[in-house]
Every structure is written in structure tokens, then in C-alpha cells.
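*Asks:* Here you go, this is query-v9.cif (mmCIF, C-alpha atoms and all ligand atoms).
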```
data_model
loop_
_atom_site.label_atom_id
_atom_site.label_comp_id
_atom_site.auth_asym_id
_atom_site.auth_seq_id
_atom_site.Cartn_x
_atom_site.Cartn_y
_atom_site.Cartn_z
CA MET A 1 -160.37 -116.77 -45.94
CA THR A 2 -159.96 -113.35 -44.41
CA THR A 3 -158.24 -113.47 -41.04
CA ALA A 4 -158.79 -109.82 -40.13
CA SER A 5 -159.90 -109.47 -36.54
CA THR A 6 -160.97 -105.85 -36.82
CA PRO A 7 -163.31 -104.32 -39.38
CA PRO A 8 -162.06 -102.33 -42.37
CA SER A 9 -161.82 -98.65 -41.44
CA ILE A 10 -164.81 -97.52 -43.51
CA GLY A 11 -168.04 -99.47 -43.75
CA LEU A 12 -171.44 -98.71 -45.21
CA GLY A 13 -174.06 -98.03 -42.53
CA LEU A 14 -177.45 -99.47 -43.44
CA TRP A 15 -179.78 -97.79 -40.93
CA LYS A 16 -182.67 -95.96 -42.61
CA ILE A 17 -181.78 -97.09 -46.12
CA PRO A 18 -185.21 -97.69 -47.67
CA LYS A 19 -185.86 -101.34 -48.49
CA PRO A 20 -186.50 -100.79 -52.22
CA GLN A 21 -183.06 -99.19 -52.63
CA THR A 22 -181.03 -101.43 -50.35
CA ALA A 23 -180.10 -104.36 -52.60
CA ALA A 24 -178.91 -102.18 -55.49
CA LEU A 25 -177.07 -99.84 -53.12
CA VAL A 26 -175.25 -102.69 -51.36
CA ARG A 27 -174.21 -104.18 -54.70
CA GLU A 28 -173.05 -100.76 -55.88
CA ALA A 29 -171.13 -100.19 -52.64
CA ILE A 30 -169.28 -103.47 -53.08
CA GLN A 31 -168.54 -102.53 -56.68
CA VAL A 32 -167.15 -99.17 -55.55
CA GLY A 33 -164.88 -100.99 -53.09
CA TYR A 34 -166.70 -101.27 -49.76
CA ARG A 35 -165.79 -104.46 -47.93
CA HIS A 36 -167.51 -103.66 -44.64
CA LEU A 37 -171.30 -103.55 -44.19
CA ASP A 38 -172.98 -102.47 -40.95
CA SER A 39 -176.38 -104.07 -40.61
CA ALA A 40 -178.84 -104.84 -37.81
CA CYS A 41 -182.09 -106.71 -37.33
CA ASP A 42 -183.65 -103.41 -36.26
CA TYR A 43 -182.91 -101.74 -39.60
CA GLY A 44 -185.54 -103.92 -41.24
CA ASN A 45 -183.59 -104.35 -44.48
CA GLU A 46 -181.46 -107.44 -43.85
CA LYS A 47 -183.15 -109.47 -46.62
CA GLU A 48 -182.45 -106.71 -49.11
CA THR A 49 -178.88 -106.35 -47.81
CA GLY A 50 -178.39 -110.08 -48.33
CA GLU A 51 -179.81 -109.75 -51.81
CA GLY A 52 -177.27 -107.04 -52.63
CA ILE A 53 -174.44 -109.20 -51.30
CA ARG A 54 -175.71 -112.18 -53.29
CA LYS A 55 -175.76 -110.12 -56.50
CA ALA A 56 -172.28 -108.76 -55.89
CA LEU A 57 -170.90 -112.26 -55.30
CA ALA A 58 -172.75 -113.65 -58.33
CA ASP A 59 -171.28 -110.85 -60.45
CA GLY A 60 -167.80 -111.77 -59.23
CA LEU A 61 -167.16 -108.37 -57.59
CA CYS A 62 -165.51 -110.07 -54.61
CA ARG A 63 -165.60 -113.27 -52.58
CA ARG A 64 -167.63 -113.71 -49.41
CA ASP A 65 -164.40 -113.96 -47.47
CA ASP A 66 -163.37 -110.50 -48.68
CA LEU A 67 -166.38 -108.98 -46.92
CA TRP A 68 -166.79 -107.99 -43.29
CA VAL A 69 -170.49 -108.24 -42.45
CA THR A 70 -171.66 -106.95 -39.08
CA SER A 71 -175.12 -107.33 -37.61
CA LYS A 72 -176.57 -106.68 -34.18
CA LEU A 73 -178.63 -108.52 -31.60
CA TRP A 74 -181.85 -106.62 -30.95
CA ASN A 75 -182.92 -105.61 -27.44
CA THR A 76 -185.78 -108.12 -27.25
CA TYR A 77 -183.46 -111.11 -27.71
CA HIS A 78 -181.08 -110.71 -24.75
CA LYS A 79 -182.20 -113.80 -22.84
CA ALA A 80 -179.84 -116.72 -23.47
CA GLU A 81 -182.42 -118.85 -25.27
CA HIS A 82 -183.23 -116.09 -27.78
CA VAL A 83 -179.71 -115.18 -28.86
CA ARG A 84 -179.05 -118.04 -31.28
CA PRO A 85 -182.51 -117.95 -32.90
CA ALA A 86 -182.08 -114.18 -33.41
CA LEU A 87 -178.70 -114.69 -35.08
CA GLU A 88 -180.09 -117.53 -37.21
CA ARG A 89 -182.93 -115.28 -38.37
CA THR A 90 -180.40 -112.63 -39.42
CA LEU A 91 -178.30 -115.25 -41.23
CA ALA A 92 -181.35 -116.65 -42.99
CA ASP A 93 -182.53 -113.18 -44.02
CA MET A 94 -179.08 -112.28 -45.33
CA ASN A 95 -178.59 -115.69 -46.89
CA LEU A 96 -175.22 -116.08 -45.17
CA ASP A 97 -173.75 -118.98 -43.25
CA HIS A 98 -171.80 -116.77 -40.86
CA LEU A 99 -171.30 -113.16 -39.79
CA ASP A 100 -167.95 -111.52 -39.28
CA LEU A 101 -169.20 -109.62 -36.26
CA PHE A 102 -172.31 -109.80 -34.09
CA LEU A 103 -172.83 -106.97 -31.61
CA ILE A 104 -175.15 -106.51 -28.64
CA HIS A 105 -176.95 -103.50 -30.16
CA PHE A 106 -177.77 -101.69 -26.90
CA PRO A 107 -177.37 -102.52 -23.20
CA ILE A 108 -181.17 -102.34 -23.10
CA PRO A 109 -182.78 -105.74 -22.45
CA LEU A 110 -186.46 -105.66 -23.39
CA ALA A 111 -189.23 -108.24 -23.05
CA PHE A 112 -189.17 -110.93 -25.72
CA VAL A 113 -191.40 -110.48 -28.77
CA PRO A 114 -191.79 -113.66 -30.87
CA PHE A 115 -190.91 -113.48 -34.59
CA GLU A 116 -194.53 -114.36 -35.44
CA THR A 117 -195.80 -111.36 -33.49
CA ARG A 118 -193.50 -108.83 -35.14
CA TYR A 119 -190.13 -108.71 -36.90
CA PRO A 120 -188.19 -106.60 -36.44
CA PRO A 121 -189.87 -105.97 -33.12
CA GLY A 122 -188.79 -102.35 -32.60
CA TRP A 123 -188.76 -100.56 -29.28
CA THR A 124 -192.26 -100.75 -27.84
CA PHE A 125 -193.82 -103.94 -26.50
CA ASP A 126 -197.13 -103.37 -28.28
CA PRO A 127 -197.12 -100.57 -30.86
CA SER A 128 -200.90 -100.92 -31.25
CA ALA A 129 -201.57 -100.17 -27.55
CA PRO A 130 -203.24 -96.84 -26.76
CA LYS A 131 -200.02 -95.71 -25.06
CA PRO A 132 -197.13 -97.85 -26.38
CA PHE A 133 -194.20 -98.26 -23.99
CA MET A 134 -190.91 -100.15 -23.71
CA LYS A 135 -191.12 -103.22 -21.48
CA ALA A 136 -187.80 -103.79 -19.74
CA ALA A 137 -186.65 -107.34 -18.97
CA PRO A 138 -183.98 -107.84 -16.31
CA VAL A 139 -181.29 -109.80 -18.18
CA PRO A 140 -177.68 -109.54 -16.97
CA VAL A 141 -175.21 -108.64 -19.72
CA ILE A 142 -173.14 -111.72 -18.93
CA GLU A 143 -176.09 -114.01 -19.70
CA THR A 144 -176.38 -112.50 -23.17
CA TRP A 145 -172.63 -112.52 -23.62
CA GLN A 146 -172.21 -116.19 -22.79
CA ALA A 147 -174.86 -117.01 -25.40
CA MET A 148 -172.92 -114.85 -27.87
CA GLU A 149 -169.74 -116.78 -27.03
CA ARG A 150 -171.51 -120.00 -27.96
CA LEU A 151 -172.19 -118.54 -31.43
CA VAL A 152 -168.45 -118.15 -31.96
CA GLU A 153 -167.86 -121.72 -30.79
CA ALA A 154 -170.58 -122.93 -33.17
CA GLY A 155 -168.81 -121.18 -36.09
CA LEU A 156 -171.82 -118.96 -36.80
CA VAL A 157 -169.99 -115.70 -36.12
CA ARG A 158 -166.28 -114.99 -36.35
CA HIS A 159 -166.29 -112.25 -33.73
CA ILE A 160 -168.59 -110.77 -31.12
CA GLY A 161 -168.75 -107.30 -29.68
CA VAL A 162 -170.89 -104.65 -28.12
CA SER A 163 -172.46 -101.34 -29.01
CA ASN A 164 -173.43 -98.32 -26.94
CA PHE A 165 -171.37 -99.64 -24.01
CA CYS A 166 -169.77 -97.17 -21.59
CA VAL A 167 -166.46 -97.85 -19.83
CA SER A 168 -168.03 -99.34 -16.68
CA LEU A 169 -170.14 -101.86 -18.55
CA LEU A 170 -167.21 -102.82 -20.75
CA ARG A 171 -164.91 -103.22 -17.75
CA ASP A 172 -167.44 -105.48 -16.06
CA LEU A 173 -167.89 -107.53 -19.23
CA LEU A 174 -164.14 -107.89 -19.73
CA SER A 175 -163.81 -109.21 -16.18
CA GLN A 176 -166.06 -112.16 -17.03
CA ALA A 177 -165.79 -112.76 -20.78
CA ARG A 178 -164.11 -115.94 -22.00
CA ILE A 179 -164.18 -114.52 -25.53
CA ARG A 180 -163.38 -110.83 -25.52
CA PRO A 181 -165.45 -108.27 -27.41
CA VAL A 182 -163.45 -107.19 -30.46
CA VAL A 183 -165.43 -104.00 -31.07
CA ASN A 184 -167.39 -101.37 -29.18
CA GLN A 185 -169.53 -99.46 -31.69
CA VAL A 186 -170.63 -96.10 -30.33
CA GLU A 187 -171.72 -92.70 -31.54
CA SER A 188 -168.68 -90.61 -32.30
CA HIS A 189 -167.97 -87.50 -34.39
CA PRO A 190 -166.07 -84.28 -33.68
CA TYR A 191 -168.87 -83.02 -31.38
CA LEU A 192 -168.71 -86.31 -29.42
CA ALA A 193 -165.08 -87.38 -29.57
CA GLN A 194 -165.39 -89.81 -26.61
CA GLU A 195 -161.67 -89.46 -25.83
CA LYS A 196 -161.78 -91.39 -22.53
CA LEU A 197 -163.84 -94.23 -23.96
CA LEU A 198 -161.53 -94.41 -26.98
CA ARG A 199 -158.47 -94.43 -24.74
CA TYR A 200 -159.93 -97.19 -22.55
CA CYS A 201 -160.84 -99.28 -25.60
CA ARG A 202 -157.32 -98.80 -26.98
CA GLU A 203 -155.75 -99.91 -23.69
CA GLU A 204 -157.95 -103.00 -23.64
CA GLY A 205 -157.41 -103.85 -27.31
CA VAL A 206 -161.08 -103.36 -28.16
CA ALA A 207 -161.55 -101.70 -31.56
CA PHE A 208 -163.70 -98.58 -31.58
CA THR A 209 -166.20 -98.11 -34.41
CA ALA A 210 -167.83 -94.70 -34.79
CA PHE A 211 -171.50 -94.68 -35.69
CA SER A 212 -173.20 -91.52 -36.93
CA PRO A 213 -169.68 -90.33 -37.82
CA LEU A 214 -171.06 -87.28 -39.63
CA GLY A 215 -172.98 -86.12 -36.55
CA ALA A 216 -176.27 -84.24 -36.91
CA PRO A 217 -177.43 -84.95 -40.51
CA SER A 218 -178.77 -88.41 -39.65
CA TYR A 219 -180.91 -86.93 -36.87
CA VAL A 220 -182.33 -83.86 -38.62
CA PRO A 221 -185.10 -85.79 -40.42
CA LEU A 222 -185.96 -87.48 -37.09
CA GLY A 223 -186.41 -84.11 -35.38
CA MET A 224 -183.48 -84.92 -33.05
CA ALA A 225 -181.07 -82.29 -34.42
CA ARG A 226 -181.23 -79.04 -36.36
CA PRO A 227 -179.46 -78.51 -39.69
CA GLU A 228 -177.26 -75.86 -38.08
CA ASP A 229 -175.95 -78.48 -35.61
CA SER A 230 -173.90 -80.00 -38.44
CA VAL A 231 -170.18 -80.32 -37.86
CA LEU A 232 -169.79 -80.24 -41.64
CA LEU A 233 -170.36 -76.46 -41.42
CA GLU A 234 -167.51 -75.82 -38.97
CA PRO A 235 -164.89 -73.34 -40.28
CA CYS A 236 -161.95 -75.63 -39.40
CA VAL A 237 -163.58 -78.52 -41.29
CA LEU A 238 -164.26 -76.29 -44.29
CA ALA A 239 -160.71 -74.90 -44.17
CA ALA A 240 -159.16 -78.38 -44.19
CA ALA A 241 -161.50 -79.42 -46.99
CA GLY A 242 -160.42 -76.38 -49.00
CA ARG A 243 -156.71 -77.01 -48.44
CA LEU A 244 -156.93 -80.66 -49.38
CA GLY A 245 -159.51 -80.41 -52.16
CA LYS A 246 -161.80 -82.77 -50.24
CA THR A 247 -165.39 -82.51 -49.09
CA PRO A 248 -166.31 -81.65 -45.46
CA ALA A 249 -167.65 -85.20 -45.02
CA GLN A 250 -164.32 -86.64 -46.19
CA VAL A 251 -162.46 -84.44 -43.70
CA VAL A 252 -164.66 -85.59 -40.80
CA LEU A 253 -164.35 -89.26 -41.81
CA ARG A 254 -160.58 -88.85 -42.24
CA TRP A 255 -160.41 -87.39 -38.72
CA ALA A 256 -162.16 -90.54 -37.46
CA VAL A 257 -159.81 -92.88 -39.28
CA GLN A 258 -156.66 -90.90 -38.48
CA ARG A 259 -157.39 -91.08 -34.74
CA GLY A 260 -157.54 -94.85 -35.01
CA THR A 261 -161.25 -95.59 -35.17
CA SER A 262 -163.29 -97.17 -37.91
CA ALA A 263 -166.47 -95.47 -39.10
CA VAL A 264 -169.66 -96.63 -40.78
CA PRO A 265 -171.13 -93.66 -42.68
CA LYS A 266 -174.56 -94.20 -44.20
CA THR A 267 -175.61 -92.80 -47.52
CA GLU A 268 -178.47 -93.78 -49.76
CA LYS A 269 -177.05 -91.65 -52.57
CA PRO A 270 -174.93 -93.84 -54.87
CA ALA A 271 -172.89 -90.76 -55.85
CA ARG A 272 -171.72 -90.36 -52.23
CA LEU A 273 -170.55 -93.95 -51.79
CA ALA A 274 -167.15 -93.36 -53.38
CA GLU A 275 -166.76 -90.01 -51.63
CA ASN A 276 -167.22 -91.51 -48.17
CA LEU A 277 -164.91 -94.43 -48.88
CA ALA A 278 -162.02 -92.38 -50.28
CA VAL A 279 -160.46 -91.18 -47.05
CA GLY A 280 -157.37 -93.36 -46.99
CA ASN A 281 -155.14 -91.45 -49.39
CA PHE A 282 -154.71 -88.05 -47.71
CA GLU A 283 -153.73 -86.75 -44.29
CA LEU A 284 -154.90 -84.03 -41.98
CA SER A 285 -152.08 -82.04 -40.40
CA ASP A 286 -151.55 -82.17 -36.63
CA ALA A 287 -153.01 -78.66 -36.43
CA GLU A 288 -156.10 -79.71 -38.40
CA MET A 289 -156.55 -82.83 -36.25
CA GLY A 290 -156.19 -80.69 -33.12
CA ALA A 291 -158.69 -78.07 -34.32
CA ILE A 292 -161.27 -80.70 -35.23
CA SER A 293 -160.77 -82.58 -31.94
CA ALA A 294 -161.24 -79.27 -30.10
CA LEU A 295 -164.81 -79.10 -31.43
CA ASP A 296 -165.76 -81.78 -28.88
CA ARG A 297 -168.74 -80.69 -26.79
CA ASN A 298 -170.12 -84.04 -25.61
CA ARG A 299 -173.08 -83.59 -27.98
CA ARG A 300 -174.86 -86.92 -28.22
CA PHE A 301 -177.62 -87.12 -30.82
CA ASN A 302 -178.50 -90.79 -30.21
CA ASP A 303 -179.24 -90.89 -26.48
CA PRO A 304 -181.76 -93.50 -25.24
CA GLY A 305 -182.14 -91.40 -22.09
CA VAL A 306 -183.74 -88.76 -24.32
CA PHE A 307 -185.28 -90.43 -27.37
CA CYS A 308 -186.87 -93.41 -25.58
CA GLU A 309 -189.01 -91.02 -23.59
CA GLN A 310 -189.84 -88.76 -26.52
CA ALA A 311 -190.53 -91.48 -29.05
CA PHE A 312 -191.46 -94.54 -26.99
CA GLY A 313 -192.96 -93.11 -23.80
CA THR A 314 -190.34 -94.68 -21.51
CA PHE A 315 -187.50 -93.06 -19.56
CA PHE A 316 -184.48 -95.34 -20.14
CA PRO A 317 -181.13 -93.64 -19.49
CA ILE A 318 -178.01 -95.77 -20.05
CA TYR A 319 -175.02 -93.45 -19.85
CA GLU A 320 -175.68 -91.69 -16.52
N1 LIG A 401 -175.04 -99.19 -33.01
C1 LIG A 401 -175.97 -98.26 -33.00
O1 LIG A 401 -176.72 -98.10 -32.02
C2 LIG A 401 -176.10 -97.34 -34.17
C3 LIG A 401 -176.85 -96.16 -34.07
C4 LIG A 401 -176.90 -95.32 -35.17
C5 LIG A 401 -176.22 -95.66 -36.33
N2 LIG A 401 -175.53 -96.84 -36.41
C6 LIG A 401 -174.83 -97.25 -37.64
O2 LIG A 401 -174.04 -96.18 -38.10
C7 LIG A 401 -174.41 -95.88 -39.44
C8 LIG A 401 -174.15 -94.42 -39.73
O3 LIG A 401 -174.82 -93.59 -38.82
P1 LIG A 401 -176.02 -92.66 -39.27
O4 LIG A 401 -176.71 -93.26 -40.41
O5 LIG A 401 -176.79 -92.37 -38.03
O6 LIG A 401 -175.30 -91.29 -39.64
P2 LIG A 401 -174.11 -90.80 -40.61
O7 LIG A 401 -173.60 -91.89 -41.43
O8 LIG A 401 -173.19 -90.03 -39.75
O9 LIG A 401 -174.87 -89.74 -41.49
C9 LIG A 401 -175.83 -90.09 -42.44
C10 LIG A 401 -176.44 -88.80 -42.94
O10 LIG A 401 -175.44 -88.00 -43.57
C11 LIG A 401 -175.76 -87.84 -44.95
N3 LIG A 401 -174.51 -88.01 -45.71
C12 LIG A 401 -173.88 -89.17 -46.01
N4 LIG A 401 -172.77 -88.96 -46.70
C13 LIG A 401 -172.67 -87.61 -46.84
C14 LIG A 401 -171.74 -86.77 -47.48
N5 LIG A 401 -170.69 -87.27 -48.11
N6 LIG A 401 -171.95 -85.43 -47.43
C15 LIG A 401 -173.02 -84.93 -46.78
N7 LIG A 401 -173.94 -85.67 -46.17
C16 LIG A 401 -173.78 -87.02 -46.20
C17 LIG A 401 -176.78 -88.91 -45.27
O11 LIG A 401 -177.65 -88.47 -46.28
P3 LIG A 401 -177.85 -89.38 -47.63
O12 LIG A 401 -178.23 -90.74 -47.20
O13 LIG A 401 -178.94 -88.62 -48.32
O14 LIG A 401 -176.54 -89.30 -48.35
C18 LIG A 401 -177.52 -89.03 -43.94
O15 LIG A 401 -178.47 -87.99 -43.80
C19 LIG A 401 -175.87 -96.31 -39.51
O16 LIG A 401 -176.34 -96.42 -40.82
C20 LIG A 401 -175.79 -97.60 -38.77
O17 LIG A 401 -175.24 -98.61 -39.58
C21 LIG A 401 -175.44 -97.67 -35.33
#
```
Would you give me this structure, written as C-alpha cells?
Ligand SMILES: NC(=O)c1ccc[n+]([C@@H]2O[C@H](COP(=O)([O-])OP(=O)(O)OC[C@H]3O[C@@H](n4cnc5c(N)ncnc54)[C@H](OP(=O)(O)O)[C@@H]3O)[C@@H](O)[C@H]2O)c1

*Replies:*
Amino acid sequence: MTTASTPPSIGLGLWKIPKPQTAALVREAIQVGYRHLDSACDYGNEKETGEGIRKALADGLCRRDDLWVTSKLWNTYHKAEHVRPALERTLADMNLDHLDLFLIHFPIPLAFVPFETRYPPGWTFDPSAPKPFMKAAPVPVIETWQAMERLVEAGLVRHIGVSNFCVSLLRDLLSQARIRPVVNQVESHPYLAQEKLLRYCREEGVAFTAFSPLGAPSYVPLGMARPEDSVLLEPCVLAAAGRLGKTPAQVVLRWAVQRGTSAVPKTEKPARLAENLAVGNFELSDAEMGAISALDRNRRFNDPGVFCEQAFGTFFPIYE
């Protein structure tokens, strides 16, 4: 039984991996050596992810206890009575009896949508309405958190944590939590280094997981970034890649790991799985780390205060 209380430094992100590819990709990832999978109800591919895990275990590639499987509580399930059913749905879809980590996906409580109406429910209350919108539901974070704590006590999840939490929310949660969050998963890459949040998490012993660790590329197809916004094109990243004989993506992921965070890069290209995982056996110099850290410009690609209005017709800032 694994006793790790923080996730392995590199995990496979599963957002936007098309369902038909997911099972084979997850199995392949485990074969290549991934032991950390970053899933969520909202990604819509938890059954296929579970299928990939099942195949990998059946093929003897590893044991369940060697894997760290994370999933996330969707925004519509924040009320206490919906937390356990939501987790149980994820477990059933993934064919698992427990998760290693269950995160509150966003500090954005939305009105409940029953499974029978829609699953995953997505962002808008009624996507078929003439003008779909997000329907907020006033649920205090501590209500959701206490229901999450009960999942740990029931043995259904080993750890609980949060995602997209700023310092103030985290501080408030830590003042009331009986079971502390082990992880805060937030967007982070060289253009959004989040130094103060990282420092606060470090001081509080909360592990920091970087999502969208490669920055813009995930958001280009969504119209939320331009190809030229990519940190992978930065001269200091290219120079380090050249010196080390690594790819720009490996340099950026190494920067994340070397500053003490974990990262969950997504790729749907089997050929890139090994590339993104192989960042443990080389080091960036202090000068290279400094140059990459100096790229920070507080550039957030995944900002509910922006995309909720553009995509879902509702102004819903959370960081301001
Ligand atoms: N908690 C949250 O709210 C939240 C939000 C966003 C994301 N996440 C998690 O974080 C994971 C990663 O974030 P993300 O998917 O937004 O972005 P990402 O992992 O930073 O970037 C993915 C993009 O980079 C490309 N890519 C992957 N490896 C590459 C390489 N070696 N060289 C060049 N390009 C490469 C991928 O294309 P290909 O697929 O074609 O390789 C894809 O377009 C998600 O899958 C999800 O698990 C969590």
C-alpha cells in the first residue's frame, strides 16, 4: 500500500483527451511509467480513464496501490448532501474503490443538476435555454469541506484538497479544517509563477500542483490564447533546451519540478508521454531557473472572471 501523502511530481492531465483515445492512452501512460493521473468529473472521460487503469492492472503493469489517482468535485455538487454521491459516481465510473486525492475543482458553487438530467453537468444550468447562464448557489466552502472530510473517514478517498484557491480562501479553510487539504492545484507556468501562493502553500505544508504547466498551448484551440503566447518559444527556454539536449516542454516541466511543485501535463500524443515524464534526470542551472522565473507576467489563461462571461454568459470572478 502506497503511503505517499503528496502526488508524484509528474502526472498525466486528462482534460480534453477525446473519449475514444482515453483508455488506450491511460494504459500506455502507465506502461511508460506514469503513476499519477489527474482526472475530473467535468472532463467527461472518467469511464474511459477507469478502463485504461483496469487494462494496465490486468496486464500487470503495476498495482493499484502504485497509482495516485486524483479526481475533482464538480461545481454543482458543493452542497453537503451531494458530495458523497458525486464521489461515488466518479468511483463507479472509474471502477475504483477509492481515490488517492479528491479536490474541490473550483470555489464556484453552482445550483445542483441531478445525474439523470445531465452528467457531467458542465457550467450552465440549462444548456438548451435560449441564453444559457451559470446559476450560482450560495454554499460556504466549509460545508463542502466537512462533507469531503467525511469521505476520508469513510475510507473512500485517501486525501482531500482544493483547486483554484487563492491565499485568502485557503487561509480561511485552514482555520476551520479538521483534515487539512494536502494539495492546492492551480494554474502555473513561467508566465504565471504564483510565487506568493507557492510560498504560502509551502509554509502551510500544502503541496502545490501546477495545472496547464505548459501555458498557452492548451488554450489556443479554445480561442483563449494565441500561438505566439507560448512560453515554449522563449529564448531562455530554447537556450536551456539546447544546452541540455532536451525539448522546450521538458525544460518548462523541469522548472516546475525543480521549484518544488508537481505538474500534470496533458498530451493526447502517445509519443509525447515519455517526453513529458522524463524530467527527473537533469537539472537547470541557477541562472536558467532565474531566467525562466523572470518570465513571470501574471498571465492567467484559465480565469473564470473572463471565460465564464465569454463562454457561459455569466460574470463570475474568483481571484479579485
Ligand atoms: N484544476 C483545474 O481547474 C484545471 C484546469 C485546467 C487543467 N487542469 C489539469 O491540468 C492538466 C494539464 O493542463 P492543460 O491540459 O490545460 O495544459 P498543458 O498540459 O499545459 O498543455 C497541454 C497542451 O500542450 C500540448 N503539449 C503537451 N505536451 C507537449 C510537448 N511535449 N511539447 C509541445 N506541446 C505539448 C498538448 O498538445 P497534445 O495533446 O497534442 O500533445 C496540449 O495542446 C489538464 O489536463 C487537467 O488535468 C486542471

*Asks:* Given all atoms listed in the file as the basis, pick out the residue of A:Cys201, A:Leu96, A:Ala240, A:Ala210 nearest to ligand LIG 401 (chain A).

*Replies:*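 Residue with the minimum atom-to-atom distance to ligand LIG 401 (chain A): A:Ala210.
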
*Asks:* Could you report the residues within 7 Å of ligand LIG 401 (chain A), using all atoms listed in the file, as a ChimeraX atom specification?

*Replies:* /A:12-16,38-39,105-106,163-164,185-187,211-215,217-219,249-250,264-269,272,275-276,302

*Asks:* Using all atoms listed in the file, can you tell me which of A:Glu143, A:Glu116, A:Asp59, A:Glu283 comes closest to Glu81 (chain A)?

*Replies:*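 The shortest atom-to-atom distance to Glu81 (chain A) comes from A:Glu143.
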
*Asks:* Interatomic distance between CA of Ala137 (chain A) and CA of Val162 (chain A)?

*Replies:*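 CA of Val162 (chain A) lies 18.4 Å from CA of Ala137 (chain A).
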
*Asks:* Would you mind telling me which residue in A:Lys47, A:His82, A:Arg63, A:Arg171 lies nearest to Leu151 (chain A) when using all atoms listed in the file?

*Replies:*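 Smallest distance to Leu151 (chain A) is found for A:His82.
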
*Asks:* Could you tell me how far CA of Ala136 (chain A) sits from CA of Tyr119 (chain A), in Å to one decimal place?

*Replies:*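 Calculated distance between CA of Tyr119 (chain A) and CA of Ala136 (chain A) is 18.0 Å.
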
*Asks:* Please, what distance in Å, to one decimal, runs between CA of Leu174 (chain A) and CA of Phe315 (chain A)?

*Replies:*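 Separation between CA of Leu174 (chain A) and CA of Phe315 (chain A): 27.7 Å.
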
*Asks:* What lies within 10 Å of Trp255 (chain A) using only C-alpha atoms, ignoring chain neighbours under 2 positions off, as a PDB file with C-alpha atoms, keeping the file's coordinate frame?

*Replies:*
```pdb
ATOM      1  CA  HIS A 189    -167.970 -87.500 -34.390  1.00  0.00           C
ATOM      2  CA  PRO A 190    -166.070 -84.280 -33.680  1.00  0.00           C
ATOM      3  CA  PRO A 213    -169.680 -90.330 -37.820  1.00  0.00           C
ATOM      4  CA  VAL A 237    -163.580 -78.520 -41.290  1.00  0.00           C
ATOM      5  CA  ALA A 249    -167.650 -85.200 -45.020  1.00  0.00           C
ATOM      6  CA  GLN A 250    -164.320 -86.640 -46.190  1.00  0.00           C
ATOM      7  CA  VAL A 251    -162.460 -84.440 -43.700  1.00  0.00           C
ATOM      8  CA  VAL A 252    -164.660 -85.590 -40.800  1.00  0.00           C
ATOM      9  CA  LEU A 253    -164.350 -89.260 -41.810  1.00  0.00           C
ATOM     10  CA  VAL A 257    -159.810 -92.880 -39.280  1.00  0.00           C
ATOM     11  CA  GLN A 258    -156.660 -90.900 -38.480  1.00  0.00           C
ATOM     12  CA  ARG A 259    -157.390 -91.080 -34.740  1.00  0.00           C
ATOM     13  CA  GLY A 260    -157.540 -94.850 -35.010  1.00  0.00           C
ATOM     14  CA  THR A 261    -161.250 -95.590 -35.170  1.00  0.00           C
ATOM     15  CA  VAL A 279    -160.460 -91.180 -47.050  1.00  0.00           C
ATOM     16  CA  GLU A 283    -153.730 -86.750 -44.290  1.00  0.00           C
ATOM     17  CA  LEU A 284    -154.900 -84.030 -41.980  1.00  0.00           C
ATOM     18  CA  GLU A 288    -156.100 -79.710 -38.400  1.00  0.00           C
ATOM     19  CA  MET A 289    -156.550 -82.830 -36.250  1.00  0.00           C
ATOM     20  CA  GLY A 290    -156.190 -80.690 -33.120  1.00  0.00           C
ATOM     21  CA  ILE A 292    -161.270 -80.700 -35.230  1.00  0.00           C
ATOM     22  CA  SER A 293    -160.770 -82.580 -31.940  1.00  0.00           C
TER      23      SER A 293
END
```

*Asks:* List as a tab-separated table every residue of region 179-229 of chain A that is in contact with region 5-8 of chain A, defined as an atom at most 12 Å from one of its atoms (using only C-alpha atoms), together with the nearest atom pair and the distance in Å rounded to one decimal, sorted by chain and then rising number.

*Replies:*
```
residue	atom	partner	partner_atom	distance
A:Arg180	CA	A:Ser5	CA	11.6
A:Pro181	CA	A:Thr6	CA	10.7
A:Val182	CA	A:Thr6	CA	7.0
A:Val183	CA	A:Thr6	CA	7.5
A:Asn184	CA	A:Thr6	CA	10.9
A:Gln185	CA	A:Pro7	CA	11.0
A:Gly205	CA	A:Thr6	CA	10.3
A:Val206	CA	A:Thr6	CA	9.0
A:Ala207	CA	A:Thr6	CA	6.7
A:Phe208	CA	A:Thr6	CA	9.4
A:Thr209	CA	A:Pro7	CA	8.5
A:Ala210	CA	A:Pro7	CA	11.6
```

*Asks:* Atoms are missing here; could region 274-287 of chain A be completed with N, CA and C atoms and written as an mmCIF file, in the frame of the given file?

*Replies:*
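File produced: out-v1.cif:
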```
data_model
loop_
_atom_site.group_PDB
_atom_site.id
_atom_site.type_symbol
_atom_site.label_atom_id
_atom_site.label_comp_id
_atom_site.auth_asym_id
_atom_site.auth_seq_id
_atom_site.Cartn_x
_atom_site.Cartn_y
_atom_site.Cartn_z
ATOM 1 N N ALA A 274 -168.594 -93.454 -53.134
ATOM 2 C CA ALA A 274 -167.150 -93.360 -53.380
ATOM 3 C C ALA A 274 -166.535 -92.251 -52.544
ATOM 4 N N GLU A 275 -167.261 -91.142 -52.424
ATOM 5 C CA GLU A 275 -166.760 -90.010 -51.630
ATOM 6 C C GLU A 275 -166.457 -90.445 -50.193
ATOM 7 N N ASN A 276 -167.396 -91.144 -49.578
ATOM 8 C CA ASN A 276 -167.220 -91.510 -48.170
ATOM 9 C C ASN A 276 -166.155 -92.585 -47.962
ATOM 10 N N LEU A 277 -165.917 -93.364 -49.004
ATOM 11 C CA LEU A 277 -164.910 -94.430 -48.880
ATOM 12 C C LEU A 277 -163.483 -93.910 -49.072
ATOM 13 N N ALA A 278 -163.357 -92.826 -49.844
ATOM 14 C CA ALA A 278 -162.020 -92.380 -50.280
ATOM 15 C C ALA A 278 -161.375 -91.454 -49.242
ATOM 16 N N VAL A 279 -161.082 -92.011 -48.088
ATOM 17 C CA VAL A 279 -160.460 -91.180 -47.050
ATOM 18 C C VAL A 279 -159.119 -91.771 -46.589
ATOM 19 N N GLY A 280 -158.608 -92.702 -47.388
ATOM 20 C CA GLY A 280 -157.370 -93.360 -46.990
ATOM 21 C C GLY A 280 -156.124 -92.777 -47.635
ATOM 22 N N ASN A 281 -156.311 -91.862 -48.591
ATOM 23 C CA ASN A 281 -155.140 -91.450 -49.390
ATOM 24 C C ASN A 281 -154.767 -89.983 -49.182
ATOM 25 N N PHE A 282 -155.160 -89.407 -48.044
ATOM 26 C CA PHE A 282 -154.710 -88.050 -47.710
ATOM 27 C C PHE A 282 -154.611 -87.936 -46.192
ATOM 28 N N GLU A 283 -153.935 -86.890 -45.739
ATOM 29 C CA GLU A 283 -153.730 -86.750 -44.290
ATOM 30 C C GLU A 283 -154.066 -85.372 -43.804
ATOM 31 N N LEU A 284 -154.702 -85.301 -42.664
ATOM 32 C CA LEU A 284 -154.900 -84.030 -41.980
ATOM 33 C C LEU A 284 -153.620 -83.710 -41.208
ATOM 34 N N SER A 285 -153.274 -82.430 -41.168
ATOM 35 C CA SER A 285 -152.080 -82.040 -40.400
ATOM 36 C C SER A 285 -152.386 -82.163 -38.907
ATOM 37 N N ASP A 286 -151.342 -82.130 -38.089
ATOM 38 C CA ASP A 286 -151.550 -82.170 -36.630
ATOM 39 C C ASP A 286 -152.438 -81.008 -36.196
ATOM 40 N N ALA A 287 -152.219 -79.844 -36.810
ATOM 41 C CA ALA A 287 -153.010 -78.660 -36.430
ATOM 42 C C ALA A 287 -154.478 -78.882 -36.807
#
```
